[in-house]
>>> print(open('target.pdb').read())   # PDB, C-alpha atoms and all ligand atoms
MODEL        1
ATOM      1  CA  MET A 640      25.889 -16.290  58.090  1.00  0.00           C
ATOM      2  CA  ALA A 641      25.500 -16.670  61.839  1.00  0.00           C
ATOM      3  CA  ALA A 642      26.484 -13.690  63.963  1.00  0.00           C
ATOM      4  CA  GLU A 643      29.405 -13.936  66.334  1.00  0.00           C
ATOM      5  CA  LYS A 644      28.567 -16.076  69.329  1.00  0.00           C
ATOM      6  CA  LYS A 645      28.026 -14.044  72.466  1.00  0.00           C
ATOM      7  CA  ILE A 646      25.848 -13.597  75.531  1.00  0.00           C
ATOM      8  CA  THR A 647      24.691 -10.123  76.474  1.00  0.00           C
ATOM      9  CA  ILE A 648      23.103  -9.446  79.841  1.00  0.00           C
ATOM     10  CA  LEU A 649      20.024  -7.256  79.618  1.00  0.00           C
ATOM     11  CA  LYS A 650      19.476  -4.851  82.508  1.00  0.00           C
ATOM     12  CA  HIS A 651      17.215  -6.526  85.093  1.00  0.00           C
ATOM     13  CA  GLY A 652      16.240  -8.973  82.354  1.00  0.00           C
ATOM     14  CA  PRO A 653      17.410 -12.093  80.499  1.00  0.00           C
ATOM     15  CA  TYR A 654      20.590 -13.286  78.846  1.00  0.00           C
ATOM     16  CA  LEU A 655      20.444 -12.522  75.135  1.00  0.00           C
ATOM     17  CA  VAL A 656      22.265 -15.328  73.316  1.00  0.00           C
ATOM     18  CA  GLU A 657      23.383 -14.651  69.748  1.00  0.00           C
ATOM     19  CA  GLY A 658      25.211 -16.655  67.102  1.00  0.00           C
ATOM     20  CA  ALA A 659      23.138 -19.864  66.928  1.00  0.00           C
ATOM     21  CA  VAL A 660      24.565 -21.296  70.142  1.00  0.00           C
ATOM     22  CA  PRO A 661      23.310 -24.884  70.712  1.00  0.00           C
ATOM     23  CA  LEU A 662      21.215 -25.323  73.869  1.00  0.00           C
ATOM     24  CA  ASP A 663      20.540 -28.529  75.748  1.00  0.00           C
ATOM     25  CA  GLU A 664      19.900 -29.914  79.217  1.00  0.00           C
ATOM     26  CA  LYS A 665      22.352 -31.937  81.269  1.00  0.00           C
ATOM     27  CA  ILE A 666      21.414 -33.890  84.363  1.00  0.00           C
ATOM     28  CA  MET A 667      24.109 -34.075  87.038  1.00  0.00           C
ATOM     29  CA  VAL A 668      24.156 -37.467  88.745  1.00  0.00           C
ATOM     30  CA  THR A 669      26.366 -39.233  91.272  1.00  0.00           C
ATOM     31  CA  ASN A 670      27.983 -42.506  90.231  1.00  0.00           C
ATOM     32  CA  GLY A 671      29.897 -44.137  93.075  1.00  0.00           C
ATOM     33  CA  HIS A 672      31.928 -41.257  94.521  1.00  0.00           C
ATOM     34  CA  HIS A 673      32.077 -39.077  91.430  1.00  0.00           C
ATOM     35  CA  ARG A 674      29.689 -36.948  89.443  1.00  0.00           C
ATOM     36  CA  GLU A 675      28.676 -37.312  85.793  1.00  0.00           C
ATOM     37  CA  TYR A 676      26.619 -35.455  83.210  1.00  0.00           C
ATOM     38  CA  GLN A 677      23.704 -37.305  81.620  1.00  0.00           C
ATOM     39  CA  GLN A 678      22.119 -35.986  78.470  1.00  0.00           C
ATOM     40  CA  GLY A 679      18.694 -34.408  78.922  1.00  0.00           C
ATOM     41  CA  GLN A 680      16.572 -32.758  76.281  1.00  0.00           C
ATOM     42  CA  THR A 681      17.800 -30.639  73.410  1.00  0.00           C
ATOM     43  CA  PHE A 682      16.085 -27.338  72.673  1.00  0.00           C
ATOM     44  CA  LYS A 683      15.232 -26.009  69.239  1.00  0.00           C
ATOM     45  CA  THR A 684      16.556 -22.495  69.070  1.00  0.00           C
ATOM     46  CA  ASP A 685      16.836 -19.671  66.585  1.00  0.00           C
ATOM     47  CA  GLU A 686      19.920 -17.704  65.702  1.00  0.00           C
ATOM     48  CA  SER A 687      19.266 -15.650  68.834  1.00  0.00           C
ATOM     49  CA  TYR A 688      17.223 -16.334  71.940  1.00  0.00           C
ATOM     50  CA  ALA A 689      16.717 -14.999  75.458  1.00  0.00           C
ATOM     51  CA  LEU A 690      17.330 -17.195  78.494  1.00  0.00           C
ATOM     52  CA  CYS A 691      15.574 -16.457  81.779  1.00  0.00           C
ATOM     53  CA  ARG A 692      17.811 -14.965  84.457  1.00  0.00           C
ATOM     54  CA  CYS A 693      15.178 -14.114  87.066  1.00  0.00           C
ATOM     55  CA  GLY A 694      13.857 -17.609  87.857  1.00  0.00           C
ATOM     56  CA  HIS A 695      10.205 -16.664  87.227  1.00  0.00           C
ATOM     57  CA  SER A 696       9.596 -17.614  83.586  1.00  0.00           C
ATOM     58  CA  GLU A 697       6.617 -19.829  82.801  1.00  0.00           C
ATOM     59  CA  ASN A 698       8.419 -20.934  79.640  1.00  0.00           C
ATOM     60  CA  PRO A 699      11.792 -22.095  80.980  1.00  0.00           C
ATOM     61  CA  PRO A 700      14.576 -21.953  80.128  1.00  0.00           C
ATOM     62  CA  PHE A 701      13.490 -18.989  77.982  1.00  0.00           C
ATOM     63  CA  CYS A 702      12.456 -15.529  79.128  1.00  0.00           C
ATOM     64  CA  ASP A 703       8.704 -14.810  78.851  1.00  0.00           C
ATOM     65  CA  GLY A 704       8.800 -11.282  80.244  1.00  0.00           C
ATOM     66  CA  SER A 705       7.922 -12.354  83.805  1.00  0.00           C
ATOM     67  CA  HIS A 706      10.982 -10.509  85.134  1.00  0.00           C
ATOM     68  CA  VAL A 707       9.013  -7.256  84.787  1.00  0.00           C
ATOM     69  CA  ASP A 708       6.121  -8.278  87.043  1.00  0.00           C
ATOM     70  CA  ALA A 709       8.568  -9.984  89.405  1.00  0.00           C
ATOM     71  CA  GLY A 710      10.463  -6.695  89.833  1.00  0.00           C
ATOM     72  CA  PHE A 711      13.693  -8.591  89.216  1.00  0.00           C
ATOM     73  CA  ASP A 712      16.838  -6.811  90.382  1.00  0.00           C
ATOM     74  CA  GLY A 713      19.564  -8.248  88.163  1.00  0.00           C
ATOM     75  CA  THR A 714      22.342  -5.908  89.249  1.00  0.00           C
ATOM     76  CA  GLU A 715      25.735  -7.389  88.413  1.00  0.00           C
ATOM     77  CA  VAL A 716      28.104  -7.385  91.363  1.00  0.00           C
ATOM     78  CA  ALA A 717      30.733 -10.033  90.503  1.00  0.00           C
ATOM     79  CA  SER A 718      34.370  -9.046  90.554  1.00  0.00           C
ATOM     80  CA  THR A 719      35.850  -8.180  87.180  1.00  0.00           C
ATOM     81  CA  VAL A 720      39.416  -8.797  88.357  1.00  0.00           C
ATOM     82  CA  PRO A 721      40.931 -11.399  85.973  1.00  0.00           C
ATOM     83  CA  PHE A 722      40.783 -15.044  87.090  1.00  0.00           C
ATOM     84  CA  ASP A 723      44.537 -15.456  87.463  1.00  0.00           C
ATOM     85  CA  GLU A 724      44.712 -12.437  89.789  1.00  0.00           C
ATOM     86  CA  ARG A 725      41.708 -13.507  91.843  1.00  0.00           C
ATOM     87  CA  VAL A 726      42.634 -17.107  92.580  1.00  0.00           C
ATOM     88  CA  GLU A 727      44.084 -18.859  95.575  1.00  0.00           C
ATOM     89  CA  LEU A 728      46.986 -21.135  94.659  1.00  0.00           C
ATOM     90  CA  PHE A 729      47.150 -24.768  95.840  1.00  0.00           C
ATOM     91  CA  GLN A 730      50.488 -26.369  95.083  1.00  0.00           C
ATOM     92  CA  GLY A 731      51.224 -30.000  94.314  1.00  0.00           C
ATOM     93  CA  PRO A 732      54.266 -31.895  93.042  1.00  0.00           C
ATOM     94  CA  ALA A 733      53.097 -32.267  89.426  1.00  0.00           C
ATOM     95  CA  LEU A 734      50.161 -29.860  89.269  1.00  0.00           C
ATOM     96  CA  ASP A 735      49.237 -26.506  90.723  1.00  0.00           C
ATOM     97  CA  LEU A 736      45.593 -25.618  91.208  1.00  0.00           C
ATOM     98  CA  PHE A 737      44.141 -22.143  90.692  1.00  0.00           C
ATOM     99  CA  ASP A 738      40.886 -21.763  92.640  1.00  0.00           C
ATOM    100  CA  ASP A 739      38.711 -18.634  92.511  1.00  0.00           C
ATOM    101  CA  ASN A 740      36.189 -20.050  94.999  1.00  0.00           C
ATOM    102  CA  ARG A 741      33.237 -19.345  92.672  1.00  0.00           C
ATOM    103  CA  CYS A 742      31.279 -22.445  93.655  1.00  0.00           C
ATOM    104  CA  ALA A 743      28.126 -23.619  91.855  1.00  0.00           C
ATOM    105  CA  PHE A 744      27.785 -26.640  94.175  1.00  0.00           C
ATOM    106  CA  ALA A 745      27.986 -29.050  91.231  1.00  0.00           C
ATOM    107  CA  ARG A 746      30.331 -31.292  93.267  1.00  0.00           C
ATOM    108  CA  PHE A 747      32.486 -32.571  90.400  1.00  0.00           C
ATOM    109  CA  CYS A 748      35.542 -31.696  92.544  1.00  0.00           C
ATOM    110  CA  HIS A 749      34.995 -34.893  94.563  1.00  0.00           C
ATOM    111  CA  ARG A 750      36.273 -38.205  93.160  1.00  0.00           C
ATOM    112  CA  GLU A 751      36.757 -41.792  94.352  1.00  0.00           C
ATOM    113  CA  ASP A 752      40.255 -41.076  95.707  1.00  0.00           C
ATOM    114  CA  GLY A 753      39.571 -37.713  97.302  1.00  0.00           C
ATOM    115  CA  ASP A 754      38.757 -34.126  96.472  1.00  0.00           C
ATOM    116  CA  VAL A 755      40.576 -32.010  93.913  1.00  0.00           C
ATOM    117  CA  TRP A 756      42.720 -30.246  96.504  1.00  0.00           C
ATOM    118  CA  THR A 757      43.987 -33.498  98.069  1.00  0.00           C
ATOM    119  CA  LEU A 758      44.462 -35.085  94.642  1.00  0.00           C
ATOM    120  CA  THR A 759      46.545 -32.069  93.602  1.00  0.00           C
ATOM    121  CA  GLU A 760      48.766 -32.570  96.658  1.00  0.00           C
ATOM    122  CA  ASP A 761      49.232 -36.208  95.558  1.00  0.00           C
ATOM    123  CA  SER A 762      49.711 -35.441  91.854  1.00  0.00           C
ATOM    124  CA  ASP A 763      53.121 -37.151  91.692  1.00  0.00           C
ATOM    125  CA  ASN A 764      51.050 -40.354  91.520  1.00  0.00           C
ATOM    126  CA  PRO A 765      50.007 -40.607  87.800  1.00  0.00           C
ATOM    127  CA  LYS A 766      46.603 -42.104  88.576  1.00  0.00           C
ATOM    128  CA  LEU A 767      45.780 -39.417  91.136  1.00  0.00           C
ATOM    129  CA  ARG A 768      47.078 -36.735  88.781  1.00  0.00           C
ATOM    130  CA  GLU A 769      44.562 -37.902  86.152  1.00  0.00           C
ATOM    131  CA  GLU A 770      41.798 -37.955  88.740  1.00  0.00           C
ATOM    132  CA  ALA A 771      42.716 -34.425  89.835  1.00  0.00           C
ATOM    133  CA  ILE A 772      42.527 -33.203  86.227  1.00  0.00           C
ATOM    134  CA  LYS A 773      39.175 -34.941  85.706  1.00  0.00           C
ATOM    135  CA  ALA A 774      37.848 -33.195  88.822  1.00  0.00           C
ATOM    136  CA  SER A 775      38.972 -29.735  87.724  1.00  0.00           C
ATOM    137  CA  THR A 776      38.023 -29.978  84.052  1.00  0.00           C
ATOM    138  CA  ASP A 777      34.492 -31.279  84.720  1.00  0.00           C
ATOM    139  CA  CYS A 778      33.590 -28.332  86.979  1.00  0.00           C
ATOM    140  CA  PRO A 779      30.896 -26.274  85.204  1.00  0.00           C
ATOM    141  CA  ALA A 780      31.797 -23.104  87.086  1.00  0.00           C
ATOM    142  CA  GLY A 781      35.360 -23.092  85.788  1.00  0.00           C
ATOM    143  CA  ARG A 782      36.312 -22.365  89.376  1.00  0.00           C
ATOM    144  CA  ILE A 783      39.292 -24.722  89.472  1.00  0.00           C
ATOM    145  CA  VAL A 784      42.010 -24.821  86.819  1.00  0.00           C
ATOM    146  CA  HIS A 785      45.200 -26.883  86.908  1.00  0.00           C
ATOM    147  CA  HIS A 786      48.585 -25.824  85.616  1.00  0.00           C
ATOM    148  CA  ASP A 787      50.937 -28.573  84.495  1.00  0.00           C
ATOM    149  CA  LYS A 788      54.323 -28.387  86.219  1.00  0.00           C
ATOM    150  CA  GLN A 789      55.607 -31.125  83.880  1.00  0.00           C
ATOM    151  CA  ASP A 790      54.704 -29.180  80.723  1.00  0.00           C
ATOM    152  CA  ASP A 791      55.691 -25.499  80.841  1.00  0.00           C
ATOM    153  CA  TYR A 792      53.094 -24.715  83.475  1.00  0.00           C
ATOM    154  CA  LYS A 793      50.405 -24.886  80.782  1.00  0.00           C
ATOM    155  CA  GLU A 794      46.800 -24.292  81.777  1.00  0.00           C
ATOM    156  CA  ILE A 795      44.811 -27.538  81.524  1.00  0.00           C
ATOM    157  CA  GLU A 796      41.419 -26.739  80.036  1.00  0.00           C
ATOM    158  CA  PRO A 797      39.013 -29.150  78.311  1.00  0.00           C
ATOM    159  CA  GLU A 798      38.201 -28.671  74.622  1.00  0.00           C
ATOM    160  CA  LEU A 799      34.560 -27.684  74.582  1.00  0.00           C
ATOM    161  CA  GLU A 800      32.334 -26.873  71.613  1.00  0.00           C
ATOM    162  CA  PRO A 801      30.582 -23.522  72.078  1.00  0.00           C
ATOM    163  CA  SER A 802      27.224 -24.412  73.638  1.00  0.00           C
ATOM    164  CA  ILE A 803      25.035 -23.838  76.681  1.00  0.00           C
ATOM    165  CA  SER A 804      23.587 -26.535  78.935  1.00  0.00           C
ATOM    166  CA  ILE A 805      20.908 -25.918  81.482  1.00  0.00           C
ATOM    167  CA  LEU A 806      21.850 -28.050  84.466  1.00  0.00           C
ATOM    168  CA  GLN A 807      19.626 -30.122  86.734  1.00  0.00           C
ATOM    169  CA  ASP A 808      20.541 -31.531  90.145  1.00  0.00           C
ATOM    170  CA  PRO A 809      17.888 -34.178  90.926  1.00  0.00           C
ATOM    171  CA  GLU A 810      19.811 -35.416  93.961  1.00  0.00           C
ATOM    172  CA  ARG A 811      19.117 -32.079  95.637  1.00  0.00           C
ATOM    173  CA  GLU A 812      15.754 -31.771  93.856  1.00  0.00           C
ATOM    174  CA  VAL A 813      16.764 -28.446  92.338  1.00  0.00           C
ATOM    175  CA  SER A 814      17.495 -26.909  88.975  1.00  0.00           C
ATOM    176  CA  ALA A 815      21.018 -25.647  88.608  1.00  0.00           C
ATOM    177  CA  PRO A 816      22.758 -22.880  86.598  1.00  0.00           C
ATOM    178  CA  LEU A 817      23.488 -22.366  82.933  1.00  0.00           C
ATOM    179  CA  TYR A 818      26.735 -24.094  82.015  1.00  0.00           C
ATOM    180  CA  VAL A 819      28.382 -21.974  79.320  1.00  0.00           C
ATOM    181  CA  LYS A 820      31.104 -23.771  77.359  1.00  0.00           C
ATOM    182  CA  GLY A 821      33.644 -23.071  74.676  1.00  0.00           C
ATOM    183  CA  ASN A 822      34.857 -19.501  75.184  1.00  0.00           C
ATOM    184  CA  ILE A 823      31.587 -17.677  74.529  1.00  0.00           C
ATOM    185  CA  PRO A 824      32.059 -13.961  75.237  1.00  0.00           C
ATOM    186  CA  LEU A 825      29.895 -12.490  78.019  1.00  0.00           C
ATOM    187  CA  VAL A 826      28.938  -8.825  77.945  1.00  0.00           C
ATOM    188  CA  SER A 827      27.610  -6.879  80.926  1.00  0.00           C
ATOM    189  CA  ALA A 828      24.374  -4.863  80.777  1.00  0.00           C
ATOM    190  CA  ASP A 829      26.555  -1.738  80.708  1.00  0.00           C
ATOM    191  CA  GLY A 830      28.360  -2.988  77.589  1.00  0.00           C
ATOM    192  CA  THR A 831      31.595  -4.016  79.309  1.00  0.00           C
ATOM    193  CA  PRO A 832      32.930  -7.434  78.272  1.00  0.00           C
ATOM    194  CA  TYR A 833      33.836  -9.873  81.042  1.00  0.00           C
ATOM    195  CA  GLU A 834      37.133 -11.723  80.839  1.00  0.00           C
ATOM    196  CA  LEU A 835      36.837 -14.440  78.173  1.00  0.00           C
ATOM    197  CA  ARG A 836      36.647 -17.849  79.879  1.00  0.00           C
ATOM    198  CA  ASN A 837      36.332 -21.357  78.464  1.00  0.00           C
ATOM    199  CA  ARG A 838      33.631 -22.319  80.990  1.00  0.00           C
ATOM    200  CA  TYR A 839      31.457 -20.501  83.466  1.00  0.00           C
ATOM    201  CA  ALA A 840      28.157 -20.955  85.290  1.00  0.00           C
ATOM    202  CA  LEU A 841      25.499 -18.254  85.030  1.00  0.00           C
ATOM    203  CA  CYS A 842      22.756 -17.797  87.613  1.00  0.00           C
ATOM    204  CA  ARG A 843      19.242 -18.538  86.378  1.00  0.00           C
ATOM    205  CA  CYS A 844      17.342 -18.695  89.681  1.00  0.00           C
ATOM    206  CA  GLY A 845      17.677 -14.941  90.153  1.00  0.00           C
ATOM    207  CA  GLU A 846      18.996 -15.261  93.707  1.00  0.00           C
ATOM    208  CA  SER A 847      22.780 -15.300  93.354  1.00  0.00           C
ATOM    209  CA  ARG A 848      24.637 -12.748  95.440  1.00  0.00           C
ATOM    210  CA  ASN A 849      27.407 -12.827  92.865  1.00  0.00           C
ATOM    211  CA  LYS A 850      25.405 -12.009  89.737  1.00  0.00           C
ATOM    212  CA  PRO A 851      25.702 -12.795  86.915  1.00  0.00           C
ATOM    213  CA  PHE A 852      27.538 -15.918  88.109  1.00  0.00           C
ATOM    214  CA  CYS A 853      26.074 -18.817  90.067  1.00  0.00           C
ATOM    215  CA  ASP A 854      26.907 -18.911  93.779  1.00  0.00           C
ATOM    216  CA  ALA A 855      24.862 -22.060  94.579  1.00  0.00           C
ATOM    217  CA  SER A 856      21.891 -20.031  95.870  1.00  0.00           C
ATOM    218  CA  HIS A 857      19.574 -22.255  93.782  1.00  0.00           C
ATOM    219  CA  VAL A 858      20.161 -24.988  96.385  1.00  0.00           C
ATOM    220  CA  ASN A 859      19.277 -22.788  99.357  1.00  0.00           C
ATOM    221  CA  VAL A 860      16.156 -21.338  97.742  1.00  0.00           C
ATOM    222  CA  GLY A 861      15.060 -24.702  96.277  1.00  0.00           C
ATOM    223  CA  TYR A 862      14.854 -23.370  92.723  1.00  0.00           C
ATOM    224  CA  VAL A 863      12.972 -25.657  90.321  1.00  0.00           C
ATOM    225  CA  ASP A 864      12.576 -24.469  86.731  1.00  0.00           C
ATOM    226  CA  GLY A 865       9.385 -26.433  86.047  1.00  0.00           C
ATOM    227  CA  LEU A 866      10.642 -28.332  83.005  1.00  0.00           C
ATOM    228  CA  PRO A 867       9.222 -31.852  82.716  1.00  0.00           C
ATOM    229  CA  GLU A 868      11.633 -34.490  84.045  1.00  0.00           C
TER     230      GLU A 868
HETATM  231  S1  LIG B   1      14.475 -12.985  82.851  1.00  0.00           S
HETATM  232 FE1  LIG B   1      12.669 -12.710  81.715  1.00  0.00          FE
HETATM  233  S2  LIG B   1      11.285 -14.127  82.604  1.00  0.00           S
HETATM  234 FE2  LIG B   1      13.114 -14.400  83.760  1.00  0.00          FE
ENDMDL
END
>>> encode(input="target.pdb", output="structure tokens", more="lines below")
Ligand code: FES
Amino acid sequence: MAAEKKITILKHGPYLVEGAVPLDEKIMVTNGHHREYQQGQTFKTDESYALCRCGHSENPPFCDGSHVDAGFDGTEVASTVPFDERVELFQGPALDLFDDNRCAFARFCHREDGDVWTLTEDSDNPKLREEAIKASTDCPAGRIVHHDKQDDYKEIEPELEPSISILQDPEREVSAPLYVKGNIPLVSADGTPYELRNRYALCRCGESRNKPFCDASHVNVGYVDGLPE
């Protein structure tokens, strides 16, 4: 029987993934004025595997021990305050938007009719409300979450199978973070669990200043994982 699904951060080393979590690659592309995920390759994995966190592996997306020679400092510094206490609130007529500003620069928050914040302000229009929800629920960082003012203020989260996608951003010619989906628990190197979230983006270039989460540093440093396109 497969072990419980979870990701454990190893001190100054990789992410240890347990519980036979499926792993694939998703390519982020722009179509018109919105972003989409295209399917990339699928990786064969065992019940447990280690994903590179330092950005130096010669066998991406897996760890090959290069973090040792690279002298990788993987110190975790991200806030552990719960999401709902950390967010800024943007109010609209039909939806409210919780935004924790943890940006992975994936750009799904922009749509044909505007960005997620403007669409939220215009959410009394049913079409724009749907667009706003599409923008928030596609974000791999889980940064933006709507609450439905027409339905008990329920959190609007997509149903996602537990899995991990390594992201690519060919438009910027960079490799992007790990997109973790489906409420997979994340445990710090000191053994403390992070708040359970449906979706989050983990740094894999090694340069985030908000480790273990992505802060879009892969764009600034031009991180490329070396996987064949
Ligand atoms: S974390 Fe081990 S090679 Fe990157």
>>> closest_residue(input="target.pdb", among="A:Thr776, A:Thr714, A:Thr831, A:Thr684", to="Phe701 of chain A", atoms="all atoms listed in the file")
A:Thr684
>>> residues_near_point(input="target.pdb", point="(14.5, -20.9, 76.2)", cutoff="12 Å", atoms="all atoms listed in the file", output="MDAnalysis selection string")
chainID A and resid 653:656 660:664 681:685 687:692 696:704 803:805 817 843 864 866
>>> write_last_selection(input="target.pdb", atoms="C-alpha atoms", output="tab-separated table (two decimals), keeping the file's coordinate frame")
chain	number	residue	atom	x	y	z
A	653	PRO	CA	17.41	-12.09	80.50
A	654	TYR	CA	20.59	-13.29	78.85
A	655	LEU	CA	20.44	-12.52	75.14
A	656	VAL	CA	22.26	-15.33	73.32
A	660	VAL	CA	24.56	-21.30	70.14
A	661	PRO	CA	23.31	-24.88	70.71
A	662	LEU	CA	21.22	-25.32	73.87
A	663	ASP	CA	20.54	-28.53	75.75
A	664	GLU	CA	19.90	-29.91	79.22
A	681	THR	CA	17.80	-30.64	73.41
A	682	PHE	CA	16.08	-27.34	72.67
A	683	LYS	CA	15.23	-26.01	69.24
A	684	THR	CA	16.56	-22.50	69.07
A	685	ASP	CA	16.84	-19.67	66.58
A	687	SER	CA	19.27	-15.65	68.83
A	688	TYR	CA	17.22	-16.33	71.94
A	689	ALA	CA	16.72	-15.00	75.46
A	690	LEU	CA	17.33	-17.20	78.49
A	691	CYS	CA	15.57	-16.46	81.78
A	692	ARG	CA	17.81	-14.96	84.46
A	696	SER	CA	9.60	-17.61	83.59
A	697	GLU	CA	6.62	-19.83	82.80
A	698	ASN	CA	8.42	-20.93	79.64
A	699	PRO	CA	11.79	-22.10	80.98
A	700	PRO	CA	14.58	-21.95	80.13
A	701	PHE	CA	13.49	-18.99	77.98
A	702	CYS	CA	12.46	-15.53	79.13
A	703	ASP	CA	8.70	-14.81	78.85
A	704	GLY	CA	8.80	-11.28	80.24
A	803	ILE	CA	25.04	-23.84	76.68
A	804	SER	CA	23.59	-26.54	78.94
A	805	ILE	CA	20.91	-25.92	81.48
A	817	LEU	CA	23.49	-22.37	82.93
A	843	ARG	CA	19.24	-18.54	86.38
A	864	ASP	CA	12.58	-24.47	86.73
A	866	LEU	CA	10.64	-28.33	83.00
>>> closest_residue(input="target.pdb", among="A:Pro816, A:Pro867, A:Pro851, A:Gly861", to="Ser718 of chain A", atoms="only C-alpha atoms")
A:Pro851
>>> atom_distance(input="target.pdb", atom1="atom CA of Ala855 of chain A", atom2="atom CA of Asp777 of chain A")
16.6 Å
>>> closest_residue(input="target.pdb", among="A:Ser705, A:Gln678, A:Thr669, A:Ser814", to="Phe747 of chain A", atoms="all atoms listed in the file")
A:Thr669
>>> atom_distance(input="target.pdb", atom1="atom CA of Ala659 of chain A", atom2="atom CA of Arg741 of chain A")
27.7 Å
>>> residues_around(input="target.pdb", residues="Lys788 of chain A", least_positions_apart="2", cutoff="7 Å", atoms="all atoms listed in the file", output="PyMOL selection string")
chain A and resi 733-734+786+790-792
>>> residues_around(input="target.pdb", residues="Glu846 of chain A", least_positions_apart="6", cutoff="12 Å", atoms="only C-alpha atoms", output="PyMOL selection string")
chain A and resi 692-695+711-715+815-816+852-862
>>> closest_residue(input="target.pdb", among="A:Cys842, A:Ala743, A:Val720, A:Ile795", to="ligand LIG 1 (chain B)", atoms="only C-alpha atoms and all ligand atoms")
A:Cys842
>>> axis_aligned_box(input="target.pdb", around="ligand LIG 1 (chain B)", padding_each_side="8 Å", output="lines of an AutoDock Vina configuration file")
center_x = 12.9
center_y = -13.6
center_z = 82.7
size_x = 19.2
size_y = 17.7
size_z = 18.0
>>> closest_residue(input="target.pdb", among="A:Asp752, A:Asp708, A:Glu800, A:Asp808", to="ligand LIG 1 (chain B)", atoms="only C-alpha atoms and all ligand atoms")
A:Asp708
